[in-house]
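Heads up, entry-v9.txt below (compact mmCIF, C-alpha atoms and all ligand atoms):
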```txt
# COMPACT_ATOMS: atom_id res chain seq x y z
CA MET V 5 111.97 -98.77 108.91
CA THR V 6 109.14 -96.29 109.49
CA TYR V 7 105.62 -97.51 108.79
CA PHE V 8 102.63 -95.34 108.01
CA SER V 9 98.95 -96.01 108.52
CA VAL V 10 97.16 -94.66 105.41
CA ARG V 11 93.39 -94.47 105.84
CA MET V 12 90.53 -93.38 103.61
CA ARG V 13 86.91 -92.80 104.52
CA ALA V 14 84.31 -91.39 102.17
CA ASN V 15 80.74 -90.22 102.56
CA THR V 16 77.98 -88.45 100.71
CA GLN V 17 75.87 -86.14 102.89
CA GLY V 18 76.85 -88.11 105.97
CA ARG V 19 76.04 -91.54 104.45
CA HIS V 20 79.02 -93.88 104.71
CA ILE V 21 80.18 -94.83 101.21
CA SER V 22 83.56 -96.45 101.60
CA GLY V 23 86.49 -96.93 103.93
CA ALA V 24 89.81 -98.66 103.42
CA GLU V 25 93.33 -98.55 104.75
CA ARG V 26 96.85 -99.92 104.51
CA ILE V 27 100.04 -99.97 106.58
CA VAL V 28 102.95 -99.23 104.24
CA ASP V 29 106.53 -97.97 104.27
CA ALA V 30 107.42 -94.41 103.21
CA ALA V 31 108.12 -95.45 99.62
CA HIS V 32 104.50 -96.59 99.15
CA VAL V 33 102.61 -93.74 100.88
CA ALA V 34 101.96 -91.59 97.79
CA GLU V 35 100.70 -94.40 95.54
CA THR V 36 98.55 -95.76 98.37
CA CYS V 37 96.91 -92.34 98.85
CA ALA V 38 96.16 -92.17 95.12
CA GLN V 39 94.68 -95.69 95.03
CA LEU V 40 92.46 -95.12 98.06
CA ALA V 41 91.22 -91.75 96.78
CA GLN V 42 90.28 -93.36 93.45
CA ARG V 43 88.43 -96.15 95.25
CA ALA V 44 86.12 -93.68 96.95
CA LEU V 45 85.15 -92.35 93.50
CA ASP V 46 84.61 -95.81 91.97
CA HIS V 47 82.45 -97.31 94.73
CA PRO V 48 79.26 -99.12 93.64
CA LYS V 49 77.34 -97.18 96.32
CA GLY V 50 78.07 -94.03 94.27
CA GLU V 51 80.85 -91.49 93.76
CA ALA V 52 81.68 -90.10 97.21
CA ALA V 53 81.08 -86.38 97.73
CA GLN V 54 83.69 -86.14 100.49
CA THR V 55 86.83 -88.23 100.86
CA HIS V 56 89.15 -87.96 103.87
CA LEU V 57 92.69 -89.32 103.74
CA THR V 58 94.87 -89.70 106.84
CA VAL V 59 98.58 -90.54 106.88
CA GLU V 60 99.95 -91.33 110.34
CA ALA V 61 103.47 -92.44 111.25
CA LEU V 62 103.44 -95.50 113.50
CA ASP V 63 105.67 -96.34 116.44
CA VAL V 64 107.37 -99.49 115.11
CA ALA V 65 107.81 -100.89 118.63
CA ALA V 66 104.02 -100.81 119.12
CA ILE V 67 103.25 -102.96 116.04
CA THR V 68 102.23 -106.54 116.82
CA HIS V 69 101.86 -109.57 114.53
CA ALA V 70 99.23 -112.27 114.12
CA ASP V 71 98.71 -115.24 111.80
CA ALA V 72 96.09 -115.17 109.07
CA LEU V 73 93.05 -117.35 109.64
CA ARG V 74 92.72 -120.56 107.63
CA VAL V 75 90.34 -120.08 104.71
CA ASP V 76 87.49 -122.51 104.05
CA VAL V 77 84.58 -122.16 101.60
CA ALA V 78 81.02 -123.25 102.40
CA GLU V 79 78.85 -124.74 99.66
CA CYS V 80 75.86 -122.40 99.37
CA ALA V 81 73.67 -122.10 96.31
CA ASP V 82 71.44 -119.29 97.61
CA PRO V 83 70.80 -116.98 100.60
CA ASP V 84 68.66 -119.58 102.41
CA ALA V 85 71.48 -122.10 102.29
CA ALA V 86 73.89 -119.36 103.41
CA ARG V 87 71.72 -118.57 106.45
CA ALA V 88 71.68 -122.25 107.38
CA VAL V 89 75.50 -122.34 107.27
CA ILE V 90 75.74 -119.17 109.41
CA HIS V 91 73.28 -120.60 111.92
CA GLY V 92 75.17 -123.89 112.09
CA LEU V 93 78.45 -122.13 112.80
CA LEU V 94 77.18 -119.59 115.36
CA ALA V 95 74.40 -121.43 117.22
CA PRO V 96 76.84 -123.39 119.45
CA LEU V 97 78.39 -120.07 120.56
CA THR V 98 75.41 -118.04 121.76
CA PRO V 99 71.75 -118.57 122.65
CA HIS V 100 71.07 -115.23 120.85
CA VAL V 101 72.06 -116.46 117.41
CA ASP V 102 68.74 -115.64 115.72
CA ALA V 103 68.78 -112.01 116.90
CA LEU V 104 72.45 -111.71 115.96
CA ILE V 105 71.82 -112.87 112.39
CA ARG V 106 68.64 -110.79 112.04
CA GLU V 107 70.33 -107.58 113.25
CA THR V 108 73.38 -108.05 111.05
CA PHE V 109 71.22 -108.44 107.94
CA ALA V 110 69.01 -105.50 108.98
CA ALA V 111 71.88 -102.99 109.44
CA ARG V 112 72.64 -100.38 106.75
CA ASP V 113 75.57 -98.04 106.08
CA MET V 114 77.41 -98.58 109.36
CA ARG V 115 81.00 -97.31 109.42
CA GLY V 116 81.99 -99.99 111.91
CA ALA V 117 81.01 -103.30 113.44
CA MET V 118 78.46 -104.23 116.08
CA LEU V 119 79.78 -105.74 119.31
CA VAL V 120 77.34 -108.34 120.63
CA CYS V 121 77.65 -110.03 124.04
CA ALA V 122 77.53 -113.82 123.58
CA GLY V 123 75.96 -114.31 127.01
CA THR V 124 73.22 -111.66 126.98
CA GLY V 125 72.82 -110.71 123.30
CA ALA V 126 73.21 -107.02 124.30
CA ARG V 127 74.96 -104.51 122.05
CA LEU V 128 78.17 -103.33 123.70
CA GLU V 129 79.49 -100.48 121.56
CA PRO V 130 78.99 -96.83 122.66
CA ASP V 131 77.49 -95.69 119.32
CA CYS V 132 75.23 -98.38 117.81
CA GLU V 133 74.62 -96.44 114.58
CA ARG V 134 78.32 -96.07 113.84
CA GLY V 135 79.66 -99.30 115.35
CA VAL V 136 83.37 -99.89 116.03
CA ARG V 137 85.63 -99.45 113.01
CA VAL V 138 88.54 -101.90 112.93
CA SER V 139 91.65 -100.04 111.87
CA HIS V 140 95.46 -100.21 111.70
CA MET V 141 96.05 -103.57 110.01
CA ASP V 142 97.64 -104.96 106.84
CA THR V 143 99.67 -107.91 105.65
CA LEU V 144 103.25 -108.16 106.93
CA GLU V 145 104.69 -108.06 103.41
CA TYR V 146 103.61 -105.21 101.14
CA THR V 147 101.00 -106.38 98.64
CA GLN V 148 100.23 -104.38 95.53
CA ALA V 149 96.52 -103.53 95.42
CA THR V 150 95.22 -101.53 92.51
CA GLY V 151 91.49 -101.60 93.25
CA LYS V 152 89.28 -103.05 95.93
CA ASP V 153 90.42 -106.53 96.92
CA ALA V 154 87.56 -107.40 99.24
CA ALA V 155 88.56 -110.96 100.10
CA ARG V 156 92.19 -110.11 100.92
CA GLU V 157 91.22 -107.08 103.01
CA ALA V 158 88.49 -108.97 104.85
CA LEU V 159 90.87 -111.81 105.73
CA VAL V 160 93.36 -109.30 107.14
CA LEU V 161 90.66 -107.54 109.18
CA ALA V 162 89.12 -110.81 110.42
CA SER V 163 92.57 -112.13 111.41
CA LYS V 164 93.26 -109.01 113.49
CA VAL V 165 89.84 -109.23 115.16
CA ALA V 166 90.15 -112.97 115.85
CA ALA V 167 93.57 -112.47 117.47
CA HIS V 168 91.88 -110.75 120.43
CA PRO V 169 91.02 -113.29 123.16
CA ASP V 170 87.64 -111.68 123.93
CA VAL V 171 86.28 -112.08 120.38
CA ILE V 172 84.58 -115.45 119.93
CA ALA V 173 83.40 -115.09 116.33
CA GLU V 174 82.64 -112.64 113.53
CA LEU V 175 79.81 -112.53 111.00
CA CYS V 176 80.30 -110.31 107.95
CA ILE V 177 77.97 -109.37 105.12
CA SER V 178 79.48 -106.83 102.73
CA ASP V 179 77.45 -103.62 102.43
CA ASP V 180 78.52 -103.41 98.78
CA PRO V 181 75.31 -104.20 96.86
CA GLU V 182 77.25 -106.12 94.20
CA TYR V 183 79.39 -108.19 96.60
CA THR V 184 77.48 -111.27 97.68
CA THR V 185 80.16 -113.35 99.45
CA GLY V 186 80.30 -112.97 103.23
CA TYR V 187 82.02 -114.95 105.95
CA VAL V 188 82.01 -116.30 109.49
CA ALA V 189 85.32 -116.31 111.37
CA HIS V 190 85.63 -118.63 114.35
CA ALA V 191 88.21 -120.92 115.98
CA GLY V 192 91.01 -120.04 113.58
CA THR V 193 88.93 -120.53 110.41
CA TYR V 194 87.52 -117.94 108.00
CA THR V 195 84.57 -119.64 106.29
CA ARG V 196 83.66 -117.86 103.04
CA ILE V 197 79.91 -117.93 102.41
CA PRO V 198 78.83 -117.35 98.79
CA HIS V 199 75.34 -116.00 97.97
CA ILE V 200 74.93 -114.60 101.48
CA LYS V 201 72.53 -112.00 100.05
CA PRO V 202 70.91 -111.35 96.66
CA ALA V 203 72.83 -109.09 94.26
CA GLY V 204 71.62 -105.49 94.56
CA SER V 205 70.80 -105.78 98.28
CA ARG V 206 71.89 -102.87 100.47
CA ALA V 207 72.02 -105.18 103.52
CA GLY V 208 75.39 -105.52 105.13
CA ALA V 209 77.34 -105.15 108.35
CA ARG V 210 79.83 -106.85 110.62
CA ALA V 211 79.04 -108.30 114.05
CA PHE V 212 81.64 -109.45 116.58
CA LEU V 213 80.46 -111.94 119.17
CA VAL V 214 82.19 -110.95 122.41
CA ARG V 215 82.85 -112.93 125.58
CA GLU V 216 80.62 -111.92 128.52
CA GLY V 217 82.66 -109.89 131.03
CA ALA V 218 85.16 -108.62 128.45
CA ASP V 219 86.85 -105.26 129.09
CA ILE V 220 85.00 -103.36 126.33
CA PRO V 221 87.06 -100.09 126.34
CA ALA V 222 90.25 -102.20 126.07
CA LEU V 223 88.75 -104.27 123.24
CA ILE V 224 87.66 -101.14 121.34
CA ASP V 225 91.11 -99.61 121.80
CA TYR V 226 92.69 -102.77 120.32
CA LEU V 227 90.26 -102.91 117.39
CA GLU V 228 90.54 -99.21 116.51
CA ARG V 229 94.13 -98.31 117.34
CA GLN V 230 96.50 -101.27 117.80
CA PRO V 231 98.62 -101.68 114.64
CA VAL V 232 98.73 -105.36 113.65
CA LEU V 233 100.54 -106.93 110.70
CA ILE V 234 99.17 -110.26 109.50
CA ARG V 235 101.38 -113.14 108.39
CA THR V 236 99.67 -114.81 105.46
CA GLU V 237 100.35 -118.42 104.36
CA ALA V 238 102.70 -117.23 101.65
CA GLN V 239 104.88 -115.61 104.35
CA ALA V 240 104.78 -118.49 106.87
C1 LIG D 1 83.49 -105.73 102.79
O1 LIG D 1 82.91 -105.33 101.76
O2 LIG D 1 84.12 -104.96 103.50
C2 LIG D 1 83.38 -107.18 103.21
C3 LIG D 1 83.96 -108.10 102.20
C4 LIG D 1 83.74 -109.56 102.55
C5 LIG D 1 84.67 -110.46 101.74
C6 LIG D 1 84.33 -111.89 101.86
C7 LIG D 1 85.21 -112.77 100.95
O3 LIG D 1 85.14 -112.62 99.72
O4 LIG D 1 86.00 -113.59 101.47
MG MG D 2 82.43 -101.57 102.90
```
Any chance you could put this one into structure tokens?
Amino acid sequence: MTYFSVRMRANTQGRHISGAERIVDAAHVAETCAQLAQRALDHPKGEAAQTHLTVEALDVAAITHADALRVDVAECADPDAARAVIHGLLAPLTPHVDALIRETFAARDMRGAMLVCAGTGARLEPDCERGVRVSHMDTLEYTQATGKDAAREALVLASKVAAHPDVIAELCISDDPEYTTGYVAHAGTYTRIPHIKPAGSRAGARAFLVREGADIPALIDYLERQPVLIRTEAQA
């Protein structure tokens, strides 16, 4: 069977509004294009002025598979409690945890994720305003998605990222002002963190904590271009 990567990115006067993508078979390409185009118009950051859709046939032999992370939920009543959970999860992994958390909350409208060296705290991506956009991933079995399904999509993305041996952990705060659940992914677990930011906040970004000495061009190539299908629990 032929698979297609269907990708949408939308902006208004250069400001990133929305991006989403699927990997689907030929029978689902048209409806996926329609759903993603509609999403760019419905985004809480505003109706996008420009929407770009890409449909790309994939080499089936190049597609790899990975297991979904295990999902856990932290008990957090407010953003202070959420920060304490994030700190508790990431502090054992890097001496630069405070800067990592501060920078992730300070970022705005990035298309992609920050790459942060666990050993030095340095940013590793070539364009720090844009970040590295994780692409070419979906669940192994086709799942019907009518609108934005943030939790499902984030689990798929985080599972692809975590499958790379040079990524130690991920911190994610949605840049959607109305979406206040974020997560930390580490050691096979995706910990959902409610109330990570106040409703209405424009804060939001992803940061990947990367092993010191990692081959960064190879890691970026994997994150941006390697097609990966994720086995979820239902498919195991
Ligand atoms: C995003 O908006 O891209 C990030 C969504 C984070 C989802 C967290 C969750 O609900 O599990
Ligand atoms: Mg987003």
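Interatomic distance, atom CA of V:Arg210 to atom CA of V:Glu133: 12.3 Å.
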d(atom CA of V:Arg106, atom CA of V:Ala209) in Å: 11.0 Å
Per residue of chain V within 9 Å of ligand LIG 1 (chain D), note the shortest atom pair and the distance in Å to one decimal, counting all atoms listed in the file, and order the rows by chain and increasing residue number, as a tab-separated table.
```
residue	atom	partner	partner_atom	distance
V:Ser22	CA	D:LIG1	O2	8.7
V:Gly23	CA	D:LIG1	O2	8.4
V:Ala24	CA	D:LIG1	O2	8.5
V:Val75	CA	D:LIG1	O4	8.5
V:Val77	CA	D:LIG1	O4	8.7
V:Lys152	CA	D:LIG1	O1	8.9
V:Asp153	CA	D:LIG1	C5	8.5
V:Ala154	CA	D:LIG1	C3	4.7
V:Ala155	CA	D:LIG1	O3	3.8
V:Arg156	CA	D:LIG1	O4	7.1
V:Glu157	CA	D:LIG1	C3	7.4
V:Ala158	CA	D:LIG1	C5	5.1
V:Leu159	CA	D:LIG1	O4	6.7
V:Cys176	CA	D:LIG1	C4	6.4
V:Ile177	CA	D:LIG1	C2	6.1
V:Ser178	CA	D:LIG1	O1	3.9
V:Asp179	CA	D:LIG1	O1	5.8
V:Asp180	CA	D:LIG1	O1	5.6
V:Tyr183	CA	D:LIG1	O1	6.9
V:Thr184	CA	D:LIG1	O3	8.0
V:Thr185	CA	D:LIG1	C6	5.0
V:Gly186	CA	D:LIG1	C6	4.4
V:Tyr187	CA	D:LIG1	C6	5.6
V:Tyr194	CA	D:LIG1	O4	8.0
V:Thr195	CA	D:LIG1	O4	7.9
V:Arg196	CA	D:LIG1	O4	5.1
V:Ile197	CA	D:LIG1	C6	7.5
V:Pro198	CA	D:LIG1	O3	7.9
V:Gly208	CA	D:LIG1	O1	8.2
V:Ala209	CA	D:LIG1	C2	8.2
V:Arg210	CA	D:LIG1	C2	8.2
```
V:Ala85, V:Leu94, V:Ala149, V:Ala70 ranked by distance to V:His168, top pick (using all atoms listed in the file):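 Of the candidates, the smallest distance to V:His168 is held by V:Ala70.
Relative to atom CA of V:Ile105, atom CA of V:Val160 is found at 22.5 Å.
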Spatial neighbours of V:His199, max dist 7 Å, all atoms listed in the file, sep filter under 6 positions, as a PDB file with C-alpha atoms, keeping the file's coordinate frame:
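Writing the result to around29.pdb gives the following:
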```pdb
ATOM      1  CA  CYS V  80      75.860-122.400  99.370  1.00  0.00           C
ATOM      2  CA  ALA V  81      73.670-122.100  96.310  1.00  0.00           C
ATOM      3  CA  ASP V  82      71.440-119.290  97.610  1.00  0.00           C
ATOM      4  CA  PRO V  83      70.800-116.980 100.600  1.00  0.00           C
ATOM      5  CA  ALA V  86      73.890-119.360 103.410  1.00  0.00           C
ATOM      6  CA  THR V 184      77.480-111.270  97.680  1.00  0.00           C
ATOM      7  CA  THR V 185      80.160-113.350  99.450  1.00  0.00           C
TER       8      THR V 185
END
```
Long-range neighbours of V:Met118 as a list in words, 9 Å cut-off, all atoms listed in the file, 6 positions minimum in chain: Thr108, Arg127, Leu128, Glu129, Cys132, Glu133, Arg134, Gly135, Val136, Ala209, Arg210, Ala211, Phe212 and Leu213 of chain V
Closest of V:Glu35, V:Asp113, V:Asp71, V:Glu51 to ligand MG 2 (chain D) - atom-to-atom distances counting all atoms listed in the file: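 When distances to ligand MG 2 (chain D) are compared using all atoms listed in the file, the smallest one comes from V:Asp113.
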Contacts of V:Ala53 within 9 Å, all atoms listed in the file, excl. fewer than 3 positions in-chain, as a count of residues only: 7
Residue nearest V:Ala95 among V:Leu73, V:Val232, V:Val188, V:Leu223 (counting only C-alpha atoms): V:Val188
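Considering all atoms listed in the file, the residue among V:Arg206, V:Met141, V:Ala117, V:Tyr146 positioned nearest to V:Ala31 is V:Tyr146.
Of the residues listed (V:Ala66, V:Ala218, V:Ile21, V:Ile224), V:Ile21 shows the shortest atom-to-atom separation from ligand MG 2 (chain D); distances use all atoms listed in the file.
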Exercise: V:Val138 partners within 9 Å, all atoms listed in the file, chain neighbours under 6 positions left out, as a list in words: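 Answer for this query is Gly116, Ala117, Leu161, Lys164, Val165, Ile224, Tyr226, Leu227, Glu228 and Arg229 of chain V.
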Edge lengths and centre, in Å to one decimal, as AutoDock Vina command-line options: that's what I need for the box along x, y and z that holds all listed atoms of stretch 56-72 of chain V plus 8 Å on each side.
```
--center_x 98.5 --center_y -101.6 --center_z 111.4 --size_x 34.7 --size_y 43.3 --size_z 31.4
```
Among listed residues V:Pro202, V:Val10, V:Gly92, V:Asp84, nearest V:Ala34 (using all atoms listed in the file):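 Closest to V:Ala34, using all atoms listed in the file: V:Val10.
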Please output stretch 205-225 of chain V, rebuilt to include N, CA, C and O atoms, as a PDB file, in the frame of the given file.
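Produced file rebuild.pdb, reproduced below:
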```
ATOM      1  N   SER V 205      71.279-106.041  96.920  1.00  0.00           N
ATOM      2  CA  SER V 205      70.800-105.780  98.280  1.00  0.00           C
ATOM      3  C   SER V 205      71.715-104.789  99.002  1.00  0.00           C
ATOM      4  O   SER V 205      72.935-104.916  98.943  1.00  0.00           O
ATOM      5  N   ARG V 206      71.099-103.836  99.695  1.00  0.00           N
ATOM      6  CA  ARG V 206      71.890-102.870 100.470  1.00  0.00           C
ATOM      7  C   ARG V 206      72.193-103.393 101.879  1.00  0.00           C
ATOM      8  O   ARG V 206      72.831-102.705 102.675  1.00  0.00           O
ATOM      9  N   ALA V 207      71.731-104.595 102.199  1.00  0.00           N
ATOM     10  CA  ALA V 207      72.020-105.180 103.520  1.00  0.00           C
ATOM     11  C   ALA V 207      73.526-105.311 103.694  1.00  0.00           C
ATOM     12  O   ALA V 207      74.251-105.491 102.712  1.00  0.00           O
ATOM     13  N   GLY V 208      73.982-105.259 104.923  1.00  0.00           N
ATOM     14  CA  GLY V 208      75.390-105.520 105.130  1.00  0.00           C
ATOM     15  C   GLY V 208      75.945-104.878 106.368  1.00  0.00           C
ATOM     16  O   GLY V 208      75.696-103.695 106.633  1.00  0.00           O
ATOM     17  N   ALA V 209      76.682-105.659 107.143  1.00  0.00           N
ATOM     18  CA  ALA V 209      77.340-105.150 108.350  1.00  0.00           C
ATOM     19  C   ALA V 209      78.253-106.249 108.881  1.00  0.00           C
ATOM     20  O   ALA V 209      78.249-107.375 108.382  1.00  0.00           O
ATOM     21  N   ARG V 210      79.021-105.872 109.892  1.00  0.00           N
ATOM     22  CA  ARG V 210      79.830-106.850 110.620  1.00  0.00           C
ATOM     23  C   ARG V 210      79.313-106.930 112.052  1.00  0.00           C
ATOM     24  O   ARG V 210      78.922-105.906 112.619  1.00  0.00           O
ATOM     25  N   ALA V 211      79.353-108.133 112.629  1.00  0.00           N
ATOM     26  CA  ALA V 211      79.040-108.300 114.050  1.00  0.00           C
ATOM     27  C   ALA V 211      80.137-109.142 114.689  1.00  0.00           C
ATOM     28  O   ALA V 211      80.503-110.191 114.145  1.00  0.00           O
ATOM     29  N   PHE V 212      80.646-108.674 115.814  1.00  0.00           N
ATOM     30  CA  PHE V 212      81.640-109.450 116.580  1.00  0.00           C
ATOM     31  C   PHE V 212      80.950-109.996 117.822  1.00  0.00           C
ATOM     32  O   PHE V 212      80.370-109.224 118.609  1.00  0.00           O
ATOM     33  N   LEU V 213      81.019-111.293 117.989  1.00  0.00           N
ATOM     34  CA  LEU V 213      80.460-111.940 119.170  1.00  0.00           C
ATOM     35  C   LEU V 213      81.533-111.900 120.258  1.00  0.00           C
ATOM     36  O   LEU V 213      82.648-112.416 120.060  1.00  0.00           O
ATOM     37  N   VAL V 214      81.182-111.269 121.388  1.00  0.00           N
ATOM     38  CA  VAL V 214      82.190-110.950 122.410  1.00  0.00           C
ATOM     39  C   VAL V 214      81.897-111.723 123.694  1.00  0.00           C
ATOM     40  O   VAL V 214      80.737-111.862 124.101  1.00  0.00           O
ATOM     41  N   ARG V 215      82.959-112.198 124.328  1.00  0.00           N
ATOM     42  CA  ARG V 215      82.850-112.930 125.580  1.00  0.00           C
ATOM     43  C   ARG V 215      82.196-112.063 126.680  1.00  0.00           C
ATOM     44  O   ARG V 215      82.546-110.884 126.813  1.00  0.00           O
ATOM     45  N   GLU V 216      81.262-112.664 127.418  1.00  0.00           N
ATOM     46  CA  GLU V 216      80.620-111.920 128.520  1.00  0.00           C
ATOM     47  C   GLU V 216      81.689-111.563 129.558  1.00  0.00           C
ATOM     48  O   GLU V 216      82.550-112.386 129.881  1.00  0.00           O
ATOM     49  N   GLY V 217      81.663-110.323 130.028  1.00  0.00           N
ATOM     50  CA  GLY V 217      82.660-109.890 131.030  1.00  0.00           C
ATOM     51  C   GLY V 217      83.908-109.279 130.419  1.00  0.00           C
ATOM     52  O   GLY V 217      84.817-108.878 131.153  1.00  0.00           O
ATOM     53  N   ALA V 218      83.978-109.197 129.104  1.00  0.00           N
ATOM     54  CA  ALA V 218      85.160-108.620 128.450  1.00  0.00           C
ATOM     55  C   ALA V 218      85.314-107.140 128.842  1.00  0.00           C
ATOM     56  O   ALA V 218      84.318-106.453 129.103  1.00  0.00           O
ATOM     57  N   ASP V 219      86.560-106.675 128.856  1.00  0.00           N
ATOM     58  CA  ASP V 219      86.850-105.260 129.090  1.00  0.00           C
ATOM     59  C   ASP V 219      86.592-104.531 127.760  1.00  0.00           C
ATOM     60  O   ASP V 219      87.448-104.546 126.865  1.00  0.00           O
ATOM     61  N   ILE V 220      85.418-103.908 127.635  1.00  0.00           N
ATOM     62  CA  ILE V 220      85.000-103.360 126.330  1.00  0.00           C
ATOM     63  C   ILE V 220      85.863-102.164 125.903  1.00  0.00           C
ATOM     64  O   ILE V 220      86.290-102.109 124.742  1.00  0.00           O
ATOM     65  N   PRO V 221      86.171-101.180 126.788  1.00  0.00           N
ATOM     66  CA  PRO V 221      87.060-100.090 126.340  1.00  0.00           C
ATOM     67  C   PRO V 221      88.412-100.620 125.839  1.00  0.00           C
ATOM     68  O   PRO V 221      88.944-100.131 124.840  1.00  0.00           O
ATOM     69  N   ALA V 222      88.958-101.644 126.506  1.00  0.00           N
ATOM     70  CA  ALA V 222      90.250-102.200 126.070  1.00  0.00           C
ATOM     71  C   ALA V 222      90.098-102.887 124.707  1.00  0.00           C
ATOM     72  O   ALA V 222      90.973-102.781 123.834  1.00  0.00           O
ATOM     73  N   LEU V 223      88.988-103.594 124.518  1.00  0.00           N
ATOM     74  CA  LEU V 223      88.750-104.270 123.240  1.00  0.00           C
ATOM     75  C   LEU V 223      88.611-103.238 122.116  1.00  0.00           C
ATOM     76  O   LEU V 223      89.202-103.384 121.036  1.00  0.00           O
ATOM     77  N   ILE V 224      87.850-102.167 122.377  1.00  0.00           N
ATOM     78  CA  ILE V 224      87.660-101.140 121.340  1.00  0.00           C
ATOM     79  C   ILE V 224      88.995-100.468 121.015  1.00  0.00           C
ATOM     80  O   ILE V 224      89.316-100.206 119.855  1.00  0.00           O
ATOM     81  N   ASP V 225      89.799-100.217 122.039  1.00  0.00           N
ATOM     82  CA  ASP V 225      91.110 -99.610 121.800  1.00  0.00           C
ATOM     83  C   ASP V 225      91.957-100.520 120.902  1.00  0.00           C
ATOM     84  O   ASP V 225      92.601-100.058 119.957  1.00  0.00           O
TER      85      ASP V 225
END
```
